[in-house]
Amino acid sequence: MSKLEIKDLHIAIGEKKIVKGLSLTLNSGEVHAIMGPNGTGKSTLAKAIAGHPDYTITSGDVLLDGQSILAMEPDERARAGIFLAFQYPSEIPGVSIANFLRAAVQARMADGEELDATGYYKRLYGKMDSLKIDRKFTSRSVNEGFSGGEKKRCEILQMAMLEPKFALMDETDSGLDIDALRIVAEGVNAMRGENFGALMITHYQRLLDYIVPDQVHVMYDGRIVKSGDKSLALELEAKGYDWVKTELATA
Ligand code: ADP
Ligand code: MG
């Protein structure tokens, strides 16, 4: 059992305050969804937790199993078990998926420990089979010329291989057709369990038809303004975000 605690977090980009006091606790075994209109700071939150250097945490804390991760470099955070699936994954021409994943898995191992190649490929192919990803995929360069759906498959495969404690999934569903959406959902659902928790950032309720969240949070102007169960996502889908804004204005 692990716990990721976000405590009264404030994040700025340069002088601009983006996240303005956000608290949330995610336990392993749980999936939380964060929904909210564009520009509210959802990606900022995910990137800052992962340790992106452009985002300054001006106050508050992020604890993984009681230990602050804020002084850690992004790679240390990854090794500690935080995984960020990007909204816009980068292309890495000339680096095959197989080699990229191998390097990523090796980097997570202790110093001096060597990756066993046979075991690695066995595990990789096992994960690919369960995610219904063609084996030819591994010889292609990371994300180069990939369709939106293929990029997301690649992210999910990375996640499956790295077995993080917590995954932050930033609009992993955007631009996906239903088949690709199912791959993402199956990947997350397959990992769901006592050693894994996920924060799904999404704009649409659609993904949540496949991944049923334990909690749904509405983010607006850098804060969580409403939390509830999956029915909140349905309510948002039906009424849009203006309803939340109106409720806030009259509160
Ligand atoms: P969301 O993911 O909810 O759409 P973002 O976190 O991407 O929102 O953006 C929140 C705000 O921060 C927006 O006003 C956006 O323009 C700004 N922002 C995000 N990233 C940067 C950046 N690298 N430099 C400057 N401003 C940024
Ligand atoms: Mg975003």
# chains A, B, ... in the order shown; residues from 1 in each chain; ligands from 1
call {"tool": "residues_around", "arguments": {"residues": "Pro164 in chain A", "least_positions_apart": "6", "cutoff": "10 Å", "atoms": "only C-alpha atoms", "output": "count of residues only"}}
result
13
call {"tool": "select_by_dssp", "arguments": {"residues": "range 113-235 of chain A", "states": "strand (DSSP E or B)", "output": "ChimeraX atom specification"}}
result
/A:141-142,166-170,193,196-201,215-220,223-228
call {"tool": "select_by_dssp", "arguments": {"residues": "range 50-113 of chain A", "states": "helix (DSSP H, G or I)", "output": "list of chain:residue names"}}
result
A:Ala50, A:Pro74, A:Asp75, A:Glu76, A:Arg77, A:Ala78, A:Arg79, A:Ala80, A:Ile97, A:Ala98, A:Asn99, A:Phe100, A:Leu101, A:Arg102, A:Ala103, A:Ala104, A:Val105, A:Gln106, A:Ala107
call {"tool": "atom_distance", "arguments": {"atom1": "atom 6 (O, counted along the ligand's line) of ligand 1", "atom2": "CA of Met219 in chain A"}}
result
10.7 Å
call {"tool": "residues_around", "arguments": {"residues": "range 146-153 of chain A", "least_positions_apart": "5", "cutoff": "10 Å", "atoms": "only C-alpha atoms", "output": "VMD selection string"}}
result
chain A and resid 85 to 91 128 131 to 133 137 140 to 141 158 to 159 171 to 181 183 to 184 187
call {"tool": "write_last_selection", "arguments": {"atoms": "C-alpha atoms", "output": "PDB file, in the first residue's frame"}}
result
ATOM      1  CA  ALA A  85       2.009   9.795 -19.206  1.00  0.00           C
ATOM      2  CA  PHE A  86       2.235  12.811 -21.437  1.00  0.00           C
ATOM      3  CA  GLN A  87      -0.564  14.649 -23.169  1.00  0.00           C
ATOM      4  CA  TYR A  88       1.789  15.188 -26.119  1.00  0.00           C
ATOM      5  CA  PRO A  89       4.464  12.437 -26.106  1.00  0.00           C
ATOM      6  CA  SER A  90       7.780  13.364 -27.765  1.00  0.00           C
ATOM      7  CA  GLU A  91       9.224  11.650 -30.805  1.00  0.00           C
ATOM      8  CA  MET A 128       2.463  -6.402 -25.352  1.00  0.00           C
ATOM      9  CA  LEU A 131      -2.242  -4.988 -24.375  1.00  0.00           C
ATOM     10  CA  LYS A 132      -2.816  -6.435 -27.864  1.00  0.00           C
ATOM     11  CA  ILE A 133       0.155  -4.557 -29.314  1.00  0.00           C
ATOM     12  CA  PHE A 137       5.847  -2.168 -32.896  1.00  0.00           C
ATOM     13  CA  ARG A 140       9.874   1.344 -34.606  1.00  0.00           C
ATOM     14  CA  SER A 141      11.399   4.589 -33.356  1.00  0.00           C
ATOM     15  CA  GLN A 158       5.989   2.113 -20.885  1.00  0.00           C
ATOM     16  CA  MET A 159       3.744   2.299 -17.862  1.00  0.00           C
ATOM     17  CA  GLU A 171      -5.388  13.561 -21.124  1.00  0.00           C
ATOM     18  CA  THR A 172      -4.170  10.199 -22.277  1.00  0.00           C
ATOM     19  CA  ASP A 173      -7.576   9.910 -23.923  1.00  0.00           C
ATOM     20  CA  SER A 174      -7.462  13.023 -26.084  1.00  0.00           C
ATOM     21  CA  GLY A 175      -7.646  12.381 -29.799  1.00  0.00           C
ATOM     22  CA  LEU A 176      -8.219   8.679 -29.346  1.00  0.00           C
ATOM     23  CA  ASP A 177     -10.594   6.519 -31.297  1.00  0.00           C
ATOM     24  CA  ILE A 178     -12.651   4.019 -29.340  1.00  0.00           C
ATOM     25  CA  ASP A 179     -10.217   1.134 -29.924  1.00  0.00           C
ATOM     26  CA  ALA A 180      -7.245   3.111 -28.676  1.00  0.00           C
ATOM     27  CA  LEU A 181      -9.297   4.383 -25.749  1.00  0.00           C
ATOM     28  CA  ILE A 183      -6.279  -0.015 -24.928  1.00  0.00           C
ATOM     29  CA  VAL A 184      -5.578   2.810 -22.505  1.00  0.00           C
ATOM     30  CA  GLY A 187      -3.877  -0.990 -19.554  1.00  0.00           C
TER      31      GLY A 187
END
call {"tool": "residues_around", "arguments": {"residues": "Glu114 in chain A", "least_positions_apart": "6", "cutoff": "12 Å", "atoms": "only C-alpha atoms", "output": "NGL selection string"}}
result
:A and (102-103 or 105-108 or 120)
call {"tool": "write_last_selection", "arguments": {"atoms": "N, CA and C atoms", "output": "compact mmCIF listing (two decimals), in the first residue's frame"}}
result
# COMPACT_ATOMS: atom_id res chain seq x y z
N ARG A 102 14.06 -0.67 -22.65
CA ARG A 102 15.12 -1.40 -21.96
C ARG A 102 15.96 -0.44 -21.12
N ALA A 103 16.29 0.70 -21.74
CA ALA A 103 17.07 1.71 -21.01
C ALA A 103 16.28 2.23 -19.81
N VAL A 105 13.90 0.67 -18.12
CA VAL A 105 13.81 -0.36 -17.07
C VAL A 105 15.15 -0.49 -16.36
N GLN A 106 16.25 -0.47 -17.15
CA GLN A 106 17.59 -0.55 -16.56
C GLN A 106 17.84 0.63 -15.61
N ALA A 107 17.41 1.83 -16.04
CA ALA A 107 17.63 3.02 -15.23
C ALA A 107 16.92 2.95 -13.88
N ARG A 108 15.87 2.18 -13.82
CA ARG A 108 15.13 2.05 -12.56
C ARG A 108 15.76 1.03 -11.62
N TYR A 120 13.88 -9.80 -19.83
CA TYR A 120 13.30 -8.53 -20.23
C TYR A 120 12.37 -8.71 -21.43
call {"tool": "closest_atom_pairs", "arguments": {"of": "chain A", "to": "ligand 1", "cutoff": "8 Å", "atoms": "only C-alpha atoms and all ligand atoms", "output": "Markdown table"}}
result
| residue | atom | partner | partner_atom_place_in_ligand_line | distance |
| --- | --- | --- | --- | --- |
| A:Ile13 | CA | ligand 1 | 25 (C) | 5.8 |
| A:Gly14 | CA | ligand 1 | 25 (C) | 7.5 |
| A:Lys16 | CA | ligand 1 | 26 (N) | 7.6 |
| A:Ile18 | CA | ligand 1 | 12 (O) | 5.7 |
| A:Gly36 | CA | ligand 1 | 3 (O) | 6.5 |
| A:Pro37 | CA | ligand 1 | 3 (O) | 6.2 |
| A:Asn38 | CA | ligand 1 | 4 (O) | 3.5 |
| A:Gly39 | CA | ligand 1 | 8 (O) | 3.5 |
| A:Thr40 | CA | ligand 1 | 3 (O) | 3.9 |
| A:Gly41 | CA | ligand 1 | 6 (O) | 3.2 |
| A:Lys42 | CA | ligand 1 | 3 (O) | 3.7 |
| A:Ser43 | CA | ligand 1 | 2 (O) | 3.7 |
| A:Thr44 | CA | ligand 1 | 6 (O) | 3.6 |
| A:Leu45 | CA | ligand 1 | 6 (O) | 6.5 |
| A:Asp54 | CA | ligand 1 | 23 (N) | 6.3 |
| A:Tyr55 | CA | ligand 1 | 23 (N) | 7.6 |
| A:Asp170 | CA | ligand 1 | 2 (O) | 7.8 |
| A:Met219 | CA | ligand 1 | 3 (O) | 7.9 |
| A:Gly222 | CA | ligand 1 | 10 (C) | 7.9 |
call {"tool": "residues_around", "arguments": {"residues": "Val216 in chain A", "least_positions_apart": "6", "cutoff": "7 Å", "atoms": "only C-alpha atoms", "output": "ChimeraX atom specification"}}
result
/A:32-34,227-230,232-233
call {"tool": "write_last_selection", "arguments": {"atoms": "N, CA, C and O atoms", "output": "short mmCIF file (atom, residue, chain, number, x, y, z; two decimals), in the first residue's frame"}}
result
data_model
loop_
_atom_site.label_atom_id
_atom_site.label_comp_id
_atom_site.auth_asym_id
_atom_site.auth_seq_id
_atom_site.Cartn_x
_atom_site.Cartn_y
_atom_site.Cartn_z
N HIS A 32 -8.40 8.23 -9.35
CA HIS A 32 -9.09 9.50 -9.24
C HIS A 32 -9.07 10.20 -10.59
O HIS A 32 -8.06 10.14 -11.29
N ALA A 33 -10.14 10.86 -10.92
CA ALA A 33 -10.18 11.64 -12.16
C ALA A 33 -10.15 13.11 -11.80
O ALA A 33 -10.79 13.54 -10.83
N ILE A 34 -9.38 13.89 -12.56
CA ILE A 34 -9.43 15.34 -12.44
C ILE A 34 -9.97 15.87 -13.75
O ILE A 34 -9.44 15.58 -14.83
N SER A 227 -15.68 17.76 -5.43
CA SER A 227 -15.28 16.36 -5.53
C SER A 227 -16.51 15.49 -5.33
O SER A 227 -17.45 15.89 -4.65
N GLY A 228 -16.48 14.34 -5.96
CA GLY A 228 -17.61 13.44 -5.80
C GLY A 228 -17.29 12.08 -6.38
O GLY A 228 -16.12 11.78 -6.65
N ASP A 229 -18.30 11.26 -6.56
CA ASP A 229 -18.05 9.95 -7.16
C ASP A 229 -18.26 10.05 -8.67
O ASP A 229 -18.36 11.14 -9.22
N LYS A 230 -18.34 8.93 -9.33
CA LYS A 230 -18.39 8.95 -10.81
C LYS A 230 -19.61 9.69 -11.35
O LYS A 230 -19.60 10.15 -12.49
N LEU A 232 -20.52 12.53 -10.61
CA LEU A 232 -20.15 13.93 -10.85
C LEU A 232 -19.66 14.11 -12.29
O LEU A 232 -19.94 15.13 -12.93
N ALA A 233 -18.95 13.09 -12.79
CA ALA A 233 -18.48 13.16 -14.18
C ALA A 233 -19.67 13.19 -15.15
O ALA A 233 -19.65 13.93 -16.14
#
call {"tool": "closest_residue", "arguments": {"among": "A:Leu63, A:Val218, A:Met72, A:Leu168", "to": "His203 in chain A", "atoms": "only C-alpha atoms"}}
result
A:Val218
call {"tool": "closest_residue", "arguments": {"among": "A:Ile49, A:Gln67, A:Leu162, A:Leu248", "to": "Arg223 in chain A", "atoms": "only C-alpha atoms"}}
result
A:Leu248
